[in-house]
There are 2 protein chains.
Amino acid sequence: MALNPALRDKIIAAVDKGFDAQVKFTQDMVRHVSTRGNEHTMQDFMFRAMKTRGYKMERFEMDRAALGHHPGAGAWDDLHSTAPIVVGTHYPREEKGRSLIMQGHVDVVPEGPLDMWATPPYDPVIQGDWMQGRGAGDMKAGCASNIFALDALKSLGLQPAATVYLQSVVEEESTGDGALMTHLRGYKADAVVVSEPSHETITRANIGVVWFQVEVRGVPVHVQRMGTGANAIDGAYRIIGELRKLEAKWNATKDQHEHFKNIEKPVNLNIGKIAGGDWASSVPAWCKVDFRISLLPGKTAEAAKKEITDCVAAFAHQDPFLSNIPPTVTFNGFQAEGYELKPGSDAEATLAAAHEAVFGQKPKPEISLAYLDSRVYALFDNVPTLNYGCISRGVHGFDEGVNLPSLKKTTTALALFIAEWCGVEEIKA
Amino acid sequence: MALNPALRDKIIAAVDKGFDAQVKFTQDMVRHVSTRGNEHTMQDFMFRAMKTRGYKMERFEMDRAALGHHPGAGAWDDLHSTAPIVVGTHYPREEKGRSLIMQGHVDVVPEGPLDMWATPPYDPVIQGDWMQGRGAGDMKAGCASNIFALDALKSLGLQPAATVYLQSVVEEESTGDGALMTHLRGYKADAVVVSEPSHETITRANIGVVWFQVEVRGVPVHVQRMGTGANAIDGAYRIIGELRKLEAKWNATKDQHEHFKNIEKPVNLNIGKIAGGDWASSVPAWCKVDFRISLLPGKTAEAAKKEITDCVAAFAHQDPFLSNIPPTVTFNGFQAEGYELKPGSDAEATLAAAHEAVFGQKPKPEISLAYLDSRVYALFDNVPTLNYGCISRGVHGFDEGVNLPSLKKTTTALALFIAEWCGVEEIKA
């Protein structure tokens with residue numbers, strides 16, 4: 001890393017100096033209950049935060065028709081967010097360095113039962129090294145770190161010597177359409193950082209994700225024969241069992257995947273949600289189950305969807321109850337493929353060096369088994385996309401939190417990376 | 001049956017003459033969407049129908065405190081109906097005969113998915129011999145038949161020579177608290193008719209019913225290990241499996257029950273409703289299942305509840321996931337014991353004779369595997385309680401219907417029964 005040690009030390013000090021404000025900003029973000037479809041005020045907050053800092057602002061709707069024509073888009077249904085996408089652009093006085101996209105998503109997954117939280121999920125309590133709250137880790141801390149890494153440079157009278165796009169998106173937890181929309185809108189850069197809480201690693205590869213809902217319908221037998229399985233809830237559980245066999249089949253191909261072959265169970269089927277029946281004393285005639293399954297890289301979402309549909313249909317065909325009214329399979333979210341960050345890029349080397357300057361050692365490349373928006377930039381723009389961020393806990397669970405010392409360090413690494421990747425120039429000529 | 005043949009024939013003709021009006025009245029009843037808690041206008045309709053006919057009216061609230069002290073009451077929760085109970089009383093000029101309660105419930109179970117109905121569930125379409133609609137069979141046709149059996153006598157210038165209470169209740173599909181409230185209110189008679197669609201039989205015995213909800217909570221493992229069953233939806237299904245063993249255990253005692261030993265599976269566990277999880281990509285941390293289980297007569301609800309609670313607790317104790325946070329069992333509806341109509345009562349003989357006068361043969365006594373409000377009068381007033389009515393189909397299912405020729409016949413039998421049981425007197429002295 002060519003960054004001179006004096007500048008490096010100044011940047012480290014600047015991030016440290018701004019960190020209290022960064023924590024407060026992150027807390028303000030967590031207070032927004034920005035679950036799917038409810039991100040409007042959160043995005044307005046992000047818009048104002050960027051505009052106040054002088055970025056050139058654009059705020060735009062997701063284009064349903066354009067997304068509908070893209071193979072990487074999710075399924076658009078009534079639950080799809082219509083919150084705007086917010087992008088703040090920094091233009092340098094002179095375009096000398098390499099351009100950069102810094103991205104984060106502000107949507108959060110539901111908090112679940114309140115009584116399973118030690119503290120209220122949208123109250124960003126700080127206890128020791130941790131700030132707790134839904135979205136604190138995934139990924140409001142990352143969104144804030146993108147802004148505050150640039151703030152640190154500004155506090156030194158410096159700014160990136162290349163165009164930097166700050167992208168605040170939604171729909172990361174359900175379709176990935178927010179990130180895809182920035183791509184469709186035409187945003188391009190020489191590298192991308194998505195500051196997900198990667199536990200201080202750079203993500204080497206990740207899985208794809210498909211969401212689907214299976215709905216079982218059936219004219220049930222009398223309550224007297226309910227125990228024989230001729231009802232929709234039992235039918236749904238039998239389909240769950242069959243889909244677990246498909247999951248095992250997909251896992252059995254892991255040896256073909258360099259990055260995944262050493263992971264015990266890279267492909268995971270999640271039975272996320274179930275609802276069925278109307279009345280304790282009526283035999284249930286319907287049951288809906290929401291699934292999420294992951295795909296190893298190389299398997300297209302289309303191919304995965306076909307296997308899922310065929311699996312359910314074939315099983316139902318031979319099941320006495322399910323064959324009466326074949327279950328329906330609806331793809332109602334992600335239809336996303338996995339990606340790989342090809343080793344050897346200058347972007348990765350630059351971030352690794354920045355990380356080393358803070359942590360004293362190179363970051364380990366890691367494999368992710370969760371959906372990542374990075375796939376949009378990696379697959380469709382084919383640019384080095386660095387999924388990198390701090391330590392978190394309880395993501396998608398309870399007592400979610402972000403580790404603040406880790407956050408300060410990864411923010412520092414990001415600031416150093418920006419300075420090196422884009423170069424810096426004085427704000428005033 | 002001592003009824004003279006001339007009067008018998010006049011009553012048969014009178015029911016026939018009034019049947020079009022009875023069908024129209026039943027249709028008007030079906031048009032009321034009187035699902036649990038929504039029976040207010042339906043009860044107002046019943047109130048007006050009785051008041052117009054000159055009955056002495058009483059309309060009263062269910063007394064939650066009084067019910068709470070009675071062992072036959074259900075559990076009162078937020079879903080409990082607060083619709084009033086309606087009773088119309090006929091007083092004779094001279095109390096010569098035996099008194100009678102004629103009861104019916106106006107609450108109906110949910111209609112379920114609309115697309116599983118051939119016609120809209122609250123549109124009482126008549127096709128051939130059938131009137132279709134939610135509640136047409138269970139048991140609005142029966143409620144109407146109570147009123148129109150008396151109307152037939154009145155059209156002949158006659159009325160019962162004893163007190164007759166027309167009771168219109170709610171909560172029959174969930175707790176039985178409506179019927180129990182009439183008991184607590186102090187209504188008593190020498191016999192009771194509940195005109196459920198018993199398929200032209202007199203119910204000899206029926207099972208008891210307990211409702212309960214099991215809620216599984218648990219801090220789930222990461223999505224990577226979801227497939228191992230460490231999540232609330234899988235945990236709930238394991239409990240379902242364990243409760244099926246309890247069901248089998250209870251069925252194994254059937255040989256001790258004269259009326260039930262020849263029934264293949266008298267005790268039935270219904271898994272009526274399920275809901276769990278919040279998000280396709282989060283491992284589910286909660287799942288609620290609503291059950292209905294039946295009890296053979298003689299088993300108290302208290303004993304059944306203890307067995308259920310113990311069964312769930314013992315299973316959870318040895319289950320690696322469920323033992324983390326033991327599941328809760330909530331009794332949220334029926335806590336009702338079964339009853340037997342002791343053979344040999346004069347009331348049964350009188351109804352059997354009335355039935356024979358219409359059908360040409362004696363009615364078969366039958367065993368019911370469903371909850372019946374009759375248990376209130378049989379268990380707590382210890383009076384002959386005749387569960388008797390017409391043929392229906394699709395009760396608690398789809399395309400529910402009532403068979404109109406059967407309804408006319410059982411209404412006629414009821415009118416003949418009233419005339420014989422209560423005796424008749426001229427309306428005008």
# chains A, B, ... in the order shown; residues from 1 in each chain; ligands from 1
>>> interface_residues(of="chain B", to="chain A", cutoff="7 Å", atoms="only C-alpha atoms", output="list in words")
Pro110, Gly112, Val223, Gln224, Met226, Gly227, Lys265, Asn268, Leu269, Asn270, Ile271, Gly272, Lys273, Ile274, Ala275, Gly276, Gly277, Asp278, Trp279, Ala280, Ser281, Ser282, Val283, Pro284, Asp290, Phe291, Arg292 and His396 of chain B
>>> write_last_selection(atoms="N, CA and C atoms", output="mmCIF file, in the first residue's frame")
data_model
loop_
_atom_site.group_PDB
_atom_site.id
_atom_site.type_symbol
_atom_site.label_atom_id
_atom_site.label_comp_id
_atom_site.auth_asym_id
_atom_site.auth_seq_id
_atom_site.Cartn_x
_atom_site.Cartn_y
_atom_site.Cartn_z
ATOM 1 N N PRO B 110 -65.785 -20.930 10.545
ATOM 2 C CA PRO B 110 -65.331 -20.150 9.384
ATOM 3 C C PRO B 110 -65.527 -20.920 8.083
ATOM 4 N N GLY B 112 -63.583 -20.870 5.444
ATOM 5 C CA GLY B 112 -62.357 -21.322 4.780
ATOM 6 C C GLY B 112 -62.190 -20.656 3.418
ATOM 7 N N VAL B 223 -29.338 -20.785 10.175
ATOM 8 C CA VAL B 223 -29.997 -21.374 9.006
ATOM 9 C C VAL B 223 -29.217 -22.576 8.469
ATOM 10 N N GLN B 224 -27.908 -22.590 8.684
ATOM 11 C CA GLN B 224 -27.090 -23.716 8.228
ATOM 12 C C GLN B 224 -27.501 -25.028 8.849
ATOM 13 N N MET B 226 -30.640 -25.553 10.165
ATOM 14 C CA MET B 226 -32.096 -25.576 10.251
ATOM 15 C C MET B 226 -32.629 -26.975 9.974
ATOM 16 N N GLY B 227 -31.995 -27.644 9.036
ATOM 17 C CA GLY B 227 -32.467 -28.959 8.632
ATOM 18 C C GLY B 227 -32.431 -30.003 9.738
ATOM 19 N N LYS B 265 -62.430 -45.541 15.403
ATOM 20 C CA LYS B 265 -61.555 -44.552 16.041
ATOM 21 C C LYS B 265 -62.421 -43.477 16.674
ATOM 22 N N ASN B 268 -60.623 -38.525 18.388
ATOM 23 C CA ASN B 268 -59.902 -37.903 17.282
ATOM 24 C C ASN B 268 -59.211 -36.629 17.710
ATOM 25 N N LEU B 269 -57.946 -36.559 17.324
ATOM 26 C CA LEU B 269 -57.151 -35.346 17.514
ATOM 27 C C LEU B 269 -57.192 -34.600 16.193
ATOM 28 N N ASN B 270 -57.682 -33.381 16.213
ATOM 29 C CA ASN B 270 -57.657 -32.579 14.994
ATOM 30 C C ASN B 270 -56.606 -31.491 15.136
ATOM 31 N N ILE B 271 -55.721 -31.428 14.132
ATOM 32 C CA ILE B 271 -54.746 -30.349 14.043
ATOM 33 C C ILE B 271 -55.412 -29.300 13.177
ATOM 34 N N GLY B 272 -56.071 -28.346 13.831
ATOM 35 C CA GLY B 272 -56.968 -27.457 13.088
ATOM 36 C C GLY B 272 -56.291 -26.285 12.438
ATOM 37 N N LYS B 273 -55.235 -25.794 13.076
ATOM 38 C CA LYS B 273 -54.687 -24.510 12.652
ATOM 39 C C LYS B 273 -53.222 -24.476 13.029
ATOM 40 N N ILE B 274 -52.425 -23.860 12.185
ATOM 41 C CA ILE B 274 -50.995 -23.719 12.492
ATOM 42 C C ILE B 274 -50.523 -22.366 12.010
ATOM 43 N N ALA B 275 -49.608 -21.776 12.757
ATOM 44 C CA ALA B 275 -48.980 -20.530 12.331
ATOM 45 C C ALA B 275 -47.614 -20.462 12.979
ATOM 46 N N GLY B 276 -46.608 -20.122 12.188
ATOM 47 C CA GLY B 276 -45.271 -20.020 12.751
ATOM 48 C C GLY B 276 -44.333 -19.244 11.853
ATOM 49 N N GLY B 277 -43.356 -18.613 12.470
ATOM 50 C CA GLY B 277 -42.320 -17.920 11.719
ATOM 51 C C GLY B 277 -42.776 -16.605 11.125
ATOM 52 N N ASP B 278 -41.785 -15.761 10.792
ATOM 53 C CA ASP B 278 -42.085 -14.418 10.303
ATOM 54 C C ASP B 278 -41.504 -14.120 8.939
ATOM 55 N N TRP B 279 -40.562 -14.927 8.492
ATOM 56 C CA TRP B 279 -39.786 -14.497 7.325
ATOM 57 C C TRP B 279 -39.147 -15.718 6.683
ATOM 58 N N ALA B 280 -39.219 -15.801 5.367
ATOM 59 C CA ALA B 280 -38.683 -16.973 4.668
ATOM 60 C C ALA B 280 -37.205 -17.201 4.970
ATOM 61 N N SER B 281 -36.461 -16.129 5.177
ATOM 62 C CA SER B 281 -35.020 -16.267 5.373
ATOM 63 C C SER B 281 -34.595 -16.170 6.836
ATOM 64 N N SER B 282 -35.528 -16.306 7.756
ATOM 65 C CA SER B 282 -35.166 -16.365 9.176
ATOM 66 C C SER B 282 -35.608 -17.726 9.701
ATOM 67 N N VAL B 283 -34.787 -18.308 10.546
ATOM 68 C CA VAL B 283 -35.159 -19.601 11.123
ATOM 69 C C VAL B 283 -36.291 -19.366 12.116
ATOM 70 N N PRO B 284 -37.402 -20.102 11.998
ATOM 71 C CA PRO B 284 -38.573 -19.791 12.819
ATOM 72 C C PRO B 284 -38.340 -20.043 14.299
ATOM 73 N N ASP B 290 -53.204 -25.147 16.881
ATOM 74 C CA ASP B 290 -54.495 -25.286 17.560
ATOM 75 C C ASP B 290 -55.035 -26.690 17.373
ATOM 76 N N PHE B 291 -55.304 -27.340 18.486
ATOM 77 C CA PHE B 291 -55.783 -28.718 18.467
ATOM 78 C C PHE B 291 -57.194 -28.800 19.041
ATOM 79 N N ARG B 292 -57.890 -29.832 18.611
ATOM 80 C CA ARG B 292 -59.155 -30.245 19.206
ATOM 81 C C ARG B 292 -59.013 -31.731 19.418
ATOM 82 N N HIS B 396 -68.710 -28.141 8.654
ATOM 83 C CA HIS B 396 -67.311 -27.762 8.955
ATOM 84 C C HIS B 396 -66.415 -27.899 7.724
#
>>> residues_around(residues="Thr163 (chain B)", least_positions_apart="3", cutoff="7 Å", atoms="only C-alpha atoms", output="ChimeraX atom specification")
/B:90-92,99-100
>>> write_last_selection(atoms="all heavy atoms", output="PDB file, in the first residue's frame")
ATOM      1  N   HIS B  90     -92.956 -19.595  25.551  1.00  0.00           N
ATOM      2  CA  HIS B  90     -94.394 -19.792  25.364  1.00  0.00           C
ATOM      3  C   HIS B  90     -94.984 -20.249  26.696  1.00  0.00           C
ATOM      4  O   HIS B  90     -94.558 -21.261  27.255  1.00  0.00           O
ATOM      5  CB  HIS B  90     -94.664 -20.872  24.310  1.00  0.00           C
ATOM      6  CG  HIS B  90     -96.040 -21.462  24.442  1.00  0.00           C
ATOM      7  ND1 HIS B  90     -97.178 -20.794  24.049  1.00  0.00           N
ATOM      8  CD2 HIS B  90     -96.466 -22.644  24.979  1.00  0.00           C
ATOM      9  CE1 HIS B  90     -98.243 -21.542  24.327  1.00  0.00           C
ATOM     10  NE2 HIS B  90     -97.840 -22.668  24.888  1.00  0.00           N
ATOM     11  N   TYR B  91     -95.973 -19.488  27.186  1.00  0.00           N
ATOM     12  CA  TYR B  91     -96.727 -19.937  28.360  1.00  0.00           C
ATOM     13  C   TYR B  91     -98.101 -20.412  27.910  1.00  0.00           C
ATOM     14  O   TYR B  91     -98.770 -19.724  27.126  1.00  0.00           O
ATOM     15  CB  TYR B  91     -96.896 -18.787  29.364  1.00  0.00           C
ATOM     16  CG  TYR B  91     -95.592 -18.355  30.001  1.00  0.00           C
ATOM     17  CD1 TYR B  91     -95.060 -17.091  29.740  1.00  0.00           C
ATOM     18  CD2 TYR B  91     -94.900 -19.204  30.859  1.00  0.00           C
ATOM     19  CE1 TYR B  91     -93.863 -16.687  30.319  1.00  0.00           C
ATOM     20  CE2 TYR B  91     -93.700 -18.802  31.442  1.00  0.00           C
ATOM     21  CZ  TYR B  91     -93.192 -17.541  31.166  1.00  0.00           C
ATOM     22  OH  TYR B  91     -92.009 -17.143  31.733  1.00  0.00           O
ATOM     23  N   PRO B  92     -98.543 -21.531  28.384  1.00  0.00           N
ATOM     24  CA  PRO B  92     -99.876 -22.000  28.001  1.00  0.00           C
ATOM     25  C   PRO B  92    -100.936 -21.247  28.823  1.00  0.00           C
ATOM     26  O   PRO B  92    -100.616 -20.609  29.829  1.00  0.00           O
ATOM     27  CB  PRO B  92     -99.838 -23.476  28.388  1.00  0.00           C
ATOM     28  CG  PRO B  92     -98.939 -23.498  29.587  1.00  0.00           C
ATOM     29  CD  PRO B  92     -97.882 -22.439  29.339  1.00  0.00           C
ATOM     30  N   SER B  99     -93.152 -29.639  30.236  1.00  0.00           N
ATOM     31  CA  SER B  99     -92.440 -28.487  29.653  1.00  0.00           C
ATOM     32  C   SER B  99     -91.290 -28.957  28.767  1.00  0.00           C
ATOM     33  O   SER B  99     -90.837 -30.114  28.850  1.00  0.00           O
ATOM     34  CB  SER B  99     -91.923 -27.577  30.766  1.00  0.00           C
ATOM     35  OG  SER B  99     -91.007 -28.283  31.590  1.00  0.00           O
ATOM     36  N   LEU B 100     -90.832 -28.019  27.948  1.00  0.00           N
ATOM     37  CA  LEU B 100     -89.853 -28.373  26.916  1.00  0.00           C
ATOM     38  C   LEU B 100     -88.924 -27.194  26.626  1.00  0.00           C
ATOM     39  O   LEU B 100     -89.366 -26.041  26.563  1.00  0.00           O
ATOM     40  CB  LEU B 100     -90.604 -28.760  25.623  1.00  0.00           C
ATOM     41  CG  LEU B 100     -89.784 -29.163  24.401  1.00  0.00           C
ATOM     42  CD1 LEU B 100     -88.992 -30.449  24.662  1.00  0.00           C
ATOM     43  CD2 LEU B 100     -90.703 -29.333  23.184  1.00  0.00           C
TER      44      LEU B 100
END
>>> residues_around(residues="Glu171 (chain A)", least_positions_apart="4", cutoff="7 Å", atoms="only C-alpha atoms", output="list of chain:residue names")
A:Arg36, A:Ser81, A:Asp107, A:Thr175, A:Gly176, A:Asp177, A:Gly178
>>> write_last_selection(atoms="all heavy atoms", output="compact mmCIF listing (two decimals), in the first residue's frame")
# COMPACT_ATOMS: atom_id res chain seq x y z
N ARG A 36 -39.63 -4.58 5.57
CA ARG A 36 -39.97 -4.55 4.14
C ARG A 36 -41.21 -3.69 3.86
O ARG A 36 -42.27 -3.89 4.47
CB ARG A 36 -40.24 -5.97 3.64
CG ARG A 36 -40.34 -6.02 2.13
CD ARG A 36 -40.67 -7.42 1.63
NE ARG A 36 -40.44 -7.50 0.19
CZ ARG A 36 -40.84 -8.51 -0.56
NH1 ARG A 36 -41.44 -9.54 -0.04
NH2 ARG A 36 -40.61 -8.49 -1.86
N SER A 81 -41.45 -3.88 -1.67
CA SER A 81 -41.30 -2.48 -1.24
C SER A 81 -41.41 -1.54 -2.42
O SER A 81 -40.99 -1.86 -3.54
CB SER A 81 -39.95 -2.28 -0.57
OG SER A 81 -39.80 -0.92 -0.18
N ASP A 107 -33.23 -2.03 4.58
CA ASP A 107 -34.35 -2.88 5.01
C ASP A 107 -33.85 -3.89 6.03
O ASP A 107 -32.69 -4.32 5.99
CB ASP A 107 -35.01 -3.57 3.80
CG ASP A 107 -34.03 -4.33 2.92
OD1 ASP A 107 -32.93 -3.81 2.63
OD2 ASP A 107 -34.35 -5.48 2.53
N THR A 175 -35.64 -9.72 -2.29
CA THR A 175 -35.51 -9.93 -3.74
C THR A 175 -34.15 -9.52 -4.30
O THR A 175 -33.74 -10.02 -5.34
CB THR A 175 -36.57 -9.11 -4.52
OG1 THR A 175 -36.40 -7.72 -4.21
CG2 THR A 175 -37.99 -9.56 -4.19
N GLY A 176 -33.50 -8.58 -3.64
CA GLY A 176 -32.28 -8.00 -4.21
C GLY A 176 -32.58 -6.99 -5.31
O GLY A 176 -31.68 -6.55 -6.03
N ASP A 177 -33.85 -6.59 -5.42
CA ASP A 177 -34.24 -5.69 -6.51
C ASP A 177 -33.72 -4.26 -6.33
O ASP A 177 -33.58 -3.53 -7.32
CB ASP A 177 -35.77 -5.65 -6.63
CG ASP A 177 -36.32 -6.88 -7.36
OD1 ASP A 177 -35.51 -7.68 -7.86
OD2 ASP A 177 -37.56 -7.02 -7.41
N GLY A 178 -33.43 -3.87 -5.09
CA GLY A 178 -32.90 -2.53 -4.87
C GLY A 178 -31.53 -2.38 -5.51
O GLY A 178 -31.28 -1.44 -6.28
>>> select_by_dssp(residues="region 281-380 of chain A", states="strand (DSSP E)", output="PyMOL selection string")
chain A and resi 286-295+328-330+335-336+339-340+365-368
>>> write_last_selection(atoms="N, CA, C and O atoms", output="PDB file, in the first residue's frame")
ATOM      1  N   TRP A 286     -56.219 -26.081   3.900  1.00  0.00           N
ATOM      2  CA  TRP A 286     -55.164 -25.326   3.229  1.00  0.00           C
ATOM      3  C   TRP A 286     -53.992 -25.150   4.177  1.00  0.00           C
ATOM      4  O   TRP A 286     -54.165 -25.118   5.399  1.00  0.00           O
ATOM      5  N   CYS A 287     -52.822 -25.056   3.598  1.00  0.00           N
ATOM      6  CA  CYS A 287     -51.613 -24.758   4.366  1.00  0.00           C
ATOM      7  C   CYS A 287     -50.589 -24.152   3.425  1.00  0.00           C
ATOM      8  O   CYS A 287     -50.379 -24.652   2.321  1.00  0.00           O
ATOM      9  N   LYS A 288     -49.977 -23.049   3.852  1.00  0.00           N
ATOM     10  CA  LYS A 288     -48.949 -22.376   3.047  1.00  0.00           C
ATOM     11  C   LYS A 288     -47.629 -22.416   3.802  1.00  0.00           C
ATOM     12  O   LYS A 288     -47.598 -22.088   4.994  1.00  0.00           O
ATOM     13  N   VAL A 289     -46.580 -22.753   3.121  1.00  0.00           N
ATOM     14  CA  VAL A 289     -45.255 -22.763   3.745  1.00  0.00           C
ATOM     15  C   VAL A 289     -44.310 -21.920   2.901  1.00  0.00           C
ATOM     16  O   VAL A 289     -44.273 -22.057   1.671  1.00  0.00           O
ATOM     17  N   ASP A 290     -43.591 -21.032   3.565  1.00  0.00           N
ATOM     18  CA  ASP A 290     -42.603 -20.185   2.878  1.00  0.00           C
ATOM     19  C   ASP A 290     -41.208 -20.752   3.081  1.00  0.00           C
ATOM     20  O   ASP A 290     -40.765 -20.925   4.216  1.00  0.00           O
ATOM     21  N   PHE A 291     -40.547 -21.009   1.974  1.00  0.00           N
ATOM     22  CA  PHE A 291     -39.214 -21.600   1.999  1.00  0.00           C
ATOM     23  C   PHE A 291     -38.188 -20.633   1.428  1.00  0.00           C
ATOM     24  O   PHE A 291     -38.497 -19.803   0.568  1.00  0.00           O
ATOM     25  N   ARG A 292     -36.964 -20.839   1.860  1.00  0.00           N
ATOM     26  CA  ARG A 292     -35.804 -20.197   1.268  1.00  0.00           C
ATOM     27  C   ARG A 292     -34.806 -21.315   1.053  1.00  0.00           C
ATOM     28  O   ARG A 292     -34.520 -22.098   1.970  1.00  0.00           O
ATOM     29  N   ILE A 293     -34.298 -21.447  -0.163  1.00  0.00           N
ATOM     30  CA  ILE A 293     -33.260 -22.460  -0.403  1.00  0.00           C
ATOM     31  C   ILE A 293     -32.087 -21.780  -1.075  1.00  0.00           C
ATOM     32  O   ILE A 293     -32.252 -20.804  -1.818  1.00  0.00           O
ATOM     33  N   SER A 294     -30.885 -22.284  -0.781  1.00  0.00           N
ATOM     34  CA  SER A 294     -29.706 -21.691  -1.391  1.00  0.00           C
ATOM     35  C   SER A 294     -29.224 -22.549  -2.544  1.00  0.00           C
ATOM     36  O   SER A 294     -29.513 -23.743  -2.623  1.00  0.00           O
ATOM     37  N   LEU A 295     -28.499 -21.902  -3.457  1.00  0.00           N
ATOM     38  CA  LEU A 295     -27.996 -22.555  -4.666  1.00  0.00           C
ATOM     39  C   LEU A 295     -26.489 -22.401  -4.690  1.00  0.00           C
ATOM     40  O   LEU A 295     -25.978 -21.311  -4.419  1.00  0.00           O
ATOM     41  N   THR A 328     -49.584 -25.887  -5.211  1.00  0.00           N
ATOM     42  CA  THR A 328     -48.993 -24.882  -6.094  1.00  0.00           C
ATOM     43  C   THR A 328     -47.667 -24.414  -5.513  1.00  0.00           C
ATOM     44  O   THR A 328     -47.492 -24.359  -4.294  1.00  0.00           O
ATOM     45  N   VAL A 329     -46.737 -24.099  -6.402  1.00  0.00           N
ATOM     46  CA  VAL A 329     -45.453 -23.536  -6.002  1.00  0.00           C
ATOM     47  C   VAL A 329     -45.380 -22.134  -6.594  1.00  0.00           C
ATOM     48  O   VAL A 329     -45.530 -21.965  -7.804  1.00  0.00           O
ATOM     49  N   THR A 330     -45.203 -21.141  -5.718  1.00  0.00           N
ATOM     50  CA  THR A 330     -45.105 -19.754  -6.175  1.00  0.00           C
ATOM     51  C   THR A 330     -43.734 -19.221  -5.787  1.00  0.00           C
ATOM     52  O   THR A 330     -43.329 -19.364  -4.627  1.00  0.00           O
ATOM     53  N   GLN A 335     -34.621 -14.664  -6.721  1.00  0.00           N
ATOM     54  CA  GLN A 335     -34.329 -15.622  -7.779  1.00  0.00           C
ATOM     55  C   GLN A 335     -32.903 -15.288  -8.217  1.00  0.00           C
ATOM     56  O   GLN A 335     -32.663 -14.826  -9.319  1.00  0.00           O
ATOM     57  N   ALA A 336     -32.001 -15.510  -7.285  1.00  0.00           N
ATOM     58  CA  ALA A 336     -30.655 -14.947  -7.403  1.00  0.00           C
ATOM     59  C   ALA A 336     -29.606 -16.050  -7.437  1.00  0.00           C
ATOM     60  O   ALA A 336     -29.674 -17.006  -6.661  1.00  0.00           O
ATOM     61  N   TYR A 339     -22.226 -15.913  -6.605  1.00  0.00           N
ATOM     62  CA  TYR A 339     -21.140 -15.307  -7.362  1.00  0.00           C
ATOM     63  C   TYR A 339     -19.816 -15.646  -6.697  1.00  0.00           C
ATOM     64  O   TYR A 339     -19.771 -16.113  -5.554  1.00  0.00           O
ATOM     65  N   GLU A 340     -18.767 -15.355  -7.432  1.00  0.00           N
ATOM     66  CA  GLU A 340     -17.415 -15.547  -6.899  1.00  0.00           C
ATOM     67  C   GLU A 340     -16.618 -14.270  -7.115  1.00  0.00           C
ATOM     68  O   GLU A 340     -16.722 -13.641  -8.173  1.00  0.00           O
ATOM     69  N   PRO A 365     -10.133 -14.455   3.254  1.00  0.00           N
ATOM     70  CA  PRO A 365     -11.298 -14.528   2.377  1.00  0.00           C
ATOM     71  C   PRO A 365     -12.254 -15.582   2.938  1.00  0.00           C
ATOM     72  O   PRO A 365     -11.823 -16.607   3.438  1.00  0.00           O
ATOM     73  N   GLU A 366     -13.536 -15.302   2.886  1.00  0.00           N
ATOM     74  CA  GLU A 366     -14.512 -16.217   3.483  1.00  0.00           C
ATOM     75  C   GLU A 366     -15.622 -16.555   2.487  1.00  0.00           C
ATOM     76  O   GLU A 366     -15.852 -15.834   1.523  1.00  0.00           O
ATOM     77  N   ILE A 367     -16.302 -17.645   2.765  1.00  0.00           N
ATOM     78  CA  ILE A 367     -17.436 -18.072   1.953  1.00  0.00           C
ATOM     79  C   ILE A 367     -18.707 -17.652   2.685  1.00  0.00           C
ATOM     80  O   ILE A 367     -18.817 -17.832   3.896  1.00  0.00           O
ATOM     81  N   SER A 368     -19.645 -17.093   1.959  1.00  0.00           N
ATOM     82  CA  SER A 368     -20.906 -16.699   2.581  1.00  0.00           C
ATOM     83  C   SER A 368     -22.025 -17.646   2.169  1.00  0.00           C
ATOM     84  O   SER A 368     -22.155 -17.989   1.000  1.00  0.00           O
TER      85      SER A 368
END
>>> select_by_dssp(residues="region 101-226 of chain A", states="helix (DSSP H, G or I)", output="PyMOL selection string")
chain A and resi 114-116+136-155+177-185+223-226
>>> closest_residue(among="B:Cys143, B:Ala13, B:Leu166, B:Arg238", to="Gln318 (chain B)", atoms="only C-alpha atoms")
B:Arg238
>>> closest_residue(among="B:Leu79, B:Ala205, B:Ala313, B:Val106", to="Gly137 (chain B)", atoms="only C-alpha atoms")
B:Val106
>>> residues_around(residues="Ala415 (chain B)", least_positions_apart="2", cutoff="10 Å", atoms="only C-alpha atoms", output="list in words")
Arg8, Ile11, Ile12, Ala14, Val15, Ser145, Asn146, Ile147, Phe148, Ala149, Leu150, Asp151, Ala152, Leu153, Pro160, Leu351, Ala354, Lys409, Thr410, Thr411, Thr412, Ala413, Phe417, Ile418, Ala419, Glu420 and Trp421 of chain B
>>> closest_residue(among="A:Val87, A:Leu296, A:Leu386, A:Ala316", to="Gln167 (chain A)", atoms="only C-alpha atoms")
A:Val87
>>> residues_around(residues="Pro124 (chain B)", least_positions_apart="2", cutoff="6 Å", atoms="only C-alpha atoms", output="ChimeraX atom specification")
/B:27,132-133
